[in-house]
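Pasted below: start18.cif, mmCIF, N, CA and C atoms.
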```
data_protein
loop_
_atom_site.label_atom_id
_atom_site.label_comp_id
_atom_site.auth_asym_id
_atom_site.auth_seq_id
_atom_site.Cartn_x
_atom_site.Cartn_y
_atom_site.Cartn_z
N MET A 1 0.84 -1.18 0.00
CA MET A 1 0.00 0.00 0.00
C MET A 1 0.89 1.24 0.00
N PRO A 2 0.59 2.21 -0.85
CA PRO A 2 1.45 3.39 -0.95
C PRO A 2 1.44 4.25 0.32
N THR A 3 2.61 4.73 0.70
CA THR A 3 2.71 5.72 1.76
C THR A 3 2.65 7.09 1.10
N LEU A 4 1.75 7.93 1.59
CA LEU A 4 1.50 9.24 1.02
C LEU A 4 1.79 10.31 2.05
N THR A 5 2.07 11.51 1.58
CA THR A 5 2.09 12.68 2.44
C THR A 5 0.81 13.45 2.17
N VAL A 6 0.03 13.67 3.21
CA VAL A 6 -1.22 14.42 3.08
C VAL A 6 -1.00 15.79 3.68
N ARG A 7 -1.36 16.83 2.91
CA ARG A 7 -1.25 18.21 3.41
C ARG A 7 -2.65 18.81 3.45
N TYR A 8 -2.93 19.47 4.58
CA TYR A 8 -4.25 20.06 4.80
C TYR A 8 -4.17 21.57 4.63
N PHE A 9 -5.21 22.16 4.02
CA PHE A 9 -5.26 23.59 3.82
C PHE A 9 -6.58 24.14 4.35
N ALA A 10 -6.51 25.36 4.88
CA ALA A 10 -7.68 26.15 5.31
C ALA A 10 -8.59 25.33 6.23
N GLY A 11 -9.86 25.21 5.86
CA GLY A 11 -10.84 24.52 6.70
C GLY A 11 -10.53 23.05 6.91
N ALA A 12 -9.82 22.44 5.98
CA ALA A 12 -9.43 21.03 6.17
C ALA A 12 -8.43 20.93 7.32
N ARG A 13 -7.52 21.89 7.41
CA ARG A 13 -6.55 21.91 8.51
C ARG A 13 -7.27 22.09 9.85
N ALA A 14 -8.21 23.00 9.88
CA ALA A 14 -8.97 23.23 11.12
C ALA A 14 -9.75 21.97 11.51
N ALA A 15 -10.36 21.30 10.54
CA ALA A 15 -11.14 20.10 10.82
C ALA A 15 -10.25 18.92 11.25
N ALA A 16 -8.96 18.97 10.88
CA ALA A 16 -8.00 17.94 11.28
C ALA A 16 -7.24 18.36 12.54
N ASN A 17 -7.88 19.22 13.33
CA ASN A 17 -7.31 19.67 14.61
C ASN A 17 -5.96 20.37 14.46
N GLY A 18 -5.82 21.13 13.37
CA GLY A 18 -4.60 21.91 13.17
C GLY A 18 -3.45 21.16 12.54
N THR A 19 -3.65 19.91 12.17
CA THR A 19 -2.60 19.14 11.53
C THR A 19 -2.27 19.76 10.17
N ARG A 20 -0.98 20.01 9.93
CA ARG A 20 -0.56 20.58 8.64
C ARG A 20 -0.31 19.49 7.60
N ASP A 21 0.37 18.44 8.02
CA ASP A 21 0.64 17.33 7.11
C ASP A 21 0.92 16.08 7.93
N GLU A 22 0.77 14.94 7.28
CA GLU A 22 1.02 13.66 7.95
C GLU A 22 1.20 12.57 6.90
N ALA A 23 1.82 11.49 7.31
CA ALA A 23 2.00 10.32 6.45
C ALA A 23 0.80 9.39 6.65
N VAL A 24 0.33 8.85 5.53
CA VAL A 24 -0.83 7.95 5.55
C VAL A 24 -0.59 6.85 4.52
N ASP A 25 -1.01 5.65 4.85
CA ASP A 25 -0.95 4.54 3.90
C ASP A 25 -2.34 4.34 3.31
N ALA A 26 -2.50 4.64 2.03
CA ALA A 26 -3.78 4.46 1.36
C ALA A 26 -3.53 4.22 -0.12
N ALA A 27 -4.36 3.39 -0.73
CA ALA A 27 -4.18 3.03 -2.13
C ALA A 27 -4.96 3.94 -3.08
N THR A 28 -6.07 4.53 -2.60
CA THR A 28 -6.92 5.39 -3.43
C THR A 28 -7.40 6.58 -2.60
N LEU A 29 -7.94 7.58 -3.25
CA LEU A 29 -8.52 8.70 -2.51
C LEU A 29 -9.74 8.26 -1.71
N ASP A 30 -10.53 7.33 -2.25
CA ASP A 30 -11.68 6.81 -1.49
C ASP A 30 -11.21 6.21 -0.17
N GLU A 31 -10.17 5.41 -0.22
CA GLU A 31 -9.62 4.79 0.99
C GLU A 31 -9.03 5.85 1.91
N LEU A 32 -8.36 6.81 1.33
CA LEU A 32 -7.76 7.89 2.12
C LEU A 32 -8.82 8.65 2.91
N LYS A 33 -9.94 8.96 2.27
CA LYS A 33 -11.00 9.70 2.95
C LYS A 33 -11.54 8.92 4.15
N VAL A 34 -11.70 7.62 4.00
CA VAL A 34 -12.17 6.80 5.12
C VAL A 34 -11.14 6.79 6.25
N LEU A 35 -9.88 6.59 5.92
CA LEU A 35 -8.83 6.57 6.93
C LEU A 35 -8.72 7.89 7.69
N LEU A 36 -8.79 9.00 6.95
CA LEU A 36 -8.66 10.30 7.59
C LEU A 36 -9.87 10.63 8.46
N THR A 37 -11.05 10.22 8.02
CA THR A 37 -12.25 10.43 8.83
C THR A 37 -12.16 9.62 10.11
N ASP A 38 -11.70 8.38 10.02
CA ASP A 38 -11.51 7.55 11.21
C ASP A 38 -10.48 8.17 12.16
N ARG A 39 -9.44 8.74 11.60
CA ARG A 39 -8.35 9.30 12.40
C ARG A 39 -8.72 10.62 13.06
N HIS A 40 -9.43 11.49 12.32
CA HIS A 40 -9.66 12.86 12.80
C HIS A 40 -11.12 13.17 13.14
N GLY A 41 -12.04 12.31 12.75
CA GLY A 41 -13.43 12.53 13.12
C GLY A 41 -14.33 12.98 11.99
N GLU A 42 -15.61 12.98 12.28
CA GLU A 42 -16.63 13.28 11.27
C GLU A 42 -16.57 14.71 10.76
N ARG A 43 -16.08 15.63 11.58
CA ARG A 43 -15.95 17.02 11.11
C ARG A 43 -15.06 17.07 9.86
N LEU A 44 -13.95 16.35 9.89
CA LEU A 44 -13.09 16.29 8.70
C LEU A 44 -13.80 15.52 7.59
N GLY A 45 -14.52 14.47 7.93
CA GLY A 45 -15.25 13.70 6.92
C GLY A 45 -16.19 14.56 6.10
N VAL A 46 -16.85 15.50 6.76
CA VAL A 46 -17.75 16.42 6.05
C VAL A 46 -16.97 17.30 5.09
N VAL A 47 -15.83 17.80 5.54
CA VAL A 47 -14.98 18.64 4.67
C VAL A 47 -14.50 17.83 3.48
N LEU A 48 -14.10 16.58 3.70
CA LEU A 48 -13.57 15.75 2.62
C LEU A 48 -14.60 15.48 1.53
N LYS A 49 -15.88 15.46 1.89
CA LYS A 49 -16.93 15.22 0.89
C LYS A 49 -17.00 16.35 -0.13
N ALA A 50 -16.63 17.57 0.28
CA ALA A 50 -16.71 18.72 -0.61
C ALA A 50 -15.35 19.17 -1.15
N ALA A 51 -14.29 18.59 -0.63
CA ALA A 51 -12.93 19.05 -0.95
C ALA A 51 -12.49 18.65 -2.36
N SER A 52 -11.50 19.40 -2.84
CA SER A 52 -10.77 19.03 -4.05
C SER A 52 -9.44 18.40 -3.62
N PHE A 53 -8.92 17.50 -4.43
CA PHE A 53 -7.68 16.81 -4.11
C PHE A 53 -6.67 17.01 -5.23
N LEU A 54 -5.47 17.41 -4.85
CA LEU A 54 -4.37 17.48 -5.79
C LEU A 54 -3.41 16.34 -5.45
N VAL A 55 -3.03 15.58 -6.45
CA VAL A 55 -2.06 14.50 -6.28
C VAL A 55 -0.81 14.91 -7.03
N ASP A 56 0.25 15.17 -6.29
CA ASP A 56 1.49 15.68 -6.87
C ASP A 56 1.22 16.92 -7.74
N GLY A 57 0.34 17.79 -7.25
CA GLY A 57 0.07 19.06 -7.91
C GLY A 57 -0.98 19.03 -9.00
N LEU A 58 -1.53 17.86 -9.31
CA LEU A 58 -2.53 17.74 -10.36
C LEU A 58 -3.88 17.36 -9.77
N THR A 59 -4.94 18.02 -10.24
CA THR A 59 -6.28 17.71 -9.76
C THR A 59 -6.61 16.26 -10.07
N CYS A 60 -7.17 15.57 -9.09
CA CYS A 60 -7.56 14.17 -9.27
C CYS A 60 -9.07 14.06 -9.08
N HIS A 61 -9.77 13.67 -10.14
CA HIS A 61 -11.23 13.53 -10.09
C HIS A 61 -11.65 12.08 -9.88
N ASP A 62 -10.81 11.14 -10.25
CA ASP A 62 -11.13 9.71 -10.11
C ASP A 62 -10.65 9.23 -8.75
N GLN A 63 -11.57 9.21 -7.79
CA GLN A 63 -11.18 8.89 -6.42
C GLN A 63 -10.95 7.40 -6.18
N SER A 64 -11.18 6.59 -7.21
CA SER A 64 -10.88 5.16 -7.08
C SER A 64 -9.59 4.78 -7.82
N ALA A 65 -8.94 5.77 -8.44
CA ALA A 65 -7.69 5.51 -9.16
C ALA A 65 -6.55 5.22 -8.18
N PRO A 66 -5.64 4.33 -8.52
CA PRO A 66 -4.51 4.03 -7.64
C PRO A 66 -3.63 5.27 -7.44
N LEU A 67 -3.17 5.47 -6.23
CA LEU A 67 -2.26 6.57 -5.91
C LEU A 67 -0.83 6.07 -5.97
N PRO A 68 0.08 6.88 -6.53
CA PRO A 68 1.48 6.44 -6.60
C PRO A 68 2.15 6.51 -5.23
N THR A 69 3.03 5.56 -4.98
CA THR A 69 3.80 5.55 -3.74
C THR A 69 4.60 6.84 -3.64
N GLY A 70 4.57 7.44 -2.47
CA GLY A 70 5.33 8.66 -2.23
C GLY A 70 4.66 9.94 -2.70
N ALA A 71 3.43 9.82 -3.18
CA ALA A 71 2.72 11.00 -3.68
C ALA A 71 2.41 11.97 -2.53
N THR A 72 2.25 13.24 -2.90
CA THR A 72 1.76 14.24 -1.97
C THR A 72 0.33 14.56 -2.38
N VAL A 73 -0.58 14.44 -1.41
CA VAL A 73 -1.99 14.72 -1.65
C VAL A 73 -2.35 15.98 -0.87
N ASP A 74 -2.77 17.01 -1.60
CA ASP A 74 -3.22 18.25 -0.99
C ASP A 74 -4.74 18.23 -0.90
N ILE A 75 -5.25 18.56 0.28
CA ILE A 75 -6.69 18.61 0.50
C ILE A 75 -7.11 20.07 0.57
N LEU A 76 -7.93 20.47 -0.41
CA LEU A 76 -8.35 21.85 -0.54
C LEU A 76 -9.87 21.93 -0.38
N PRO A 77 -10.34 22.47 0.74
CA PRO A 77 -11.78 22.62 0.89
C PRO A 77 -12.28 23.74 -0.01
N PRO A 78 -13.59 23.82 -0.22
CA PRO A 78 -14.12 24.94 -1.01
C PRO A 78 -13.76 26.26 -0.31
N PHE A 79 -13.39 27.23 -1.09
CA PHE A 79 -13.02 28.54 -0.55
C PHE A 79 -14.14 29.52 -0.84
N ALA A 80 -14.44 30.37 0.12
CA ALA A 80 -15.43 31.43 -0.07
C ALA A 80 -14.73 32.67 -0.62
N GLY A 81 -15.50 33.55 -1.17
CA GLY A 81 -14.92 34.81 -1.64
C GLY A 81 -14.95 34.89 -3.15
N GLY A 82 -14.34 35.92 -3.66
CA GLY A 82 -14.42 36.11 -5.09
C GLY A 82 -13.23 36.70 -5.70
#
```
For the structure just supplied, provide its representation as structure tokens.
Amino acid sequence: MPTLTVRYFAGARAAANGTRDEAVDAATLDELKVLLTDRHGERLGVVLKAASFLVDGLTCHDQSAPLPTGATVDILPPFAGG
């Protein structure tokens, strides 16, 4: 299973109790969301449902696609403003 670096931004960081980044073992974004919700709680789970995910800097829309080992996953919640 790939070891990933997960980085949290804005509301995702707040929902993860201020965690900036952490290592996680997950094979897909679907699996990652379950693991992070279990680790940090339902507040983060709600954010993850609406968040965008960057995998090594590229937007990832297929949440069941395999993640590369060593990838960095950025979690970006929806931002308000204009």
Which of A:Met1, A:Ala10, A:Val46, A:Ala51 sits closest to Pro78 in chain A [using all atoms listed in the file]
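That would be A:Ala51, the residue with the smallest distance to Pro78 in chain A.
Computed from the coordinates, the atom C of Pro66 in chain A to CA of Asn17 in chain A distance equals 26.6 Å.
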Which polymer residues have any atom within 8 Å of an atom of Thr19 in chain A, counting only C-alpha atoms, with same-chain residues fewer than 4 positions away left out, as a PyMOL selection string?
chain A and resi 8+13-14
Taking the file above as input, evaluate the PyMOL selection byres ((chain A and resi 30) around 7) and report the hits as number ranges by chain.
A: 27-29, 31-35, 62-65
For Gly70 in chain A, find every residue with an atom within 6.5 Å (counting all atoms listed in the file), except residues of its own chain fewer than 4 positions away, and show them as a VMD selection string.
chain A and resid 2 to 5
Please measure the separation of atom N of Phe53 in chain A and atom N of Gly41 in chain A, giving the value in Å to one decimal.
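Atom N of Gly41 in chain A lies at a distance of 18.2 Å from atom N of Phe53 in chain A.
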If the PyMOL selection byres ((chain A and resi 57) around 7) were run on this exact file, what residues would it hold? Put them as number ranges by chain.
A: 54-56, 58-59, 72-74
A:Ala71, A:Glu42, A:Ser52, A:His61: which is nearest Ala23 in chain A, counting only C-alpha atoms?
A:Ala71
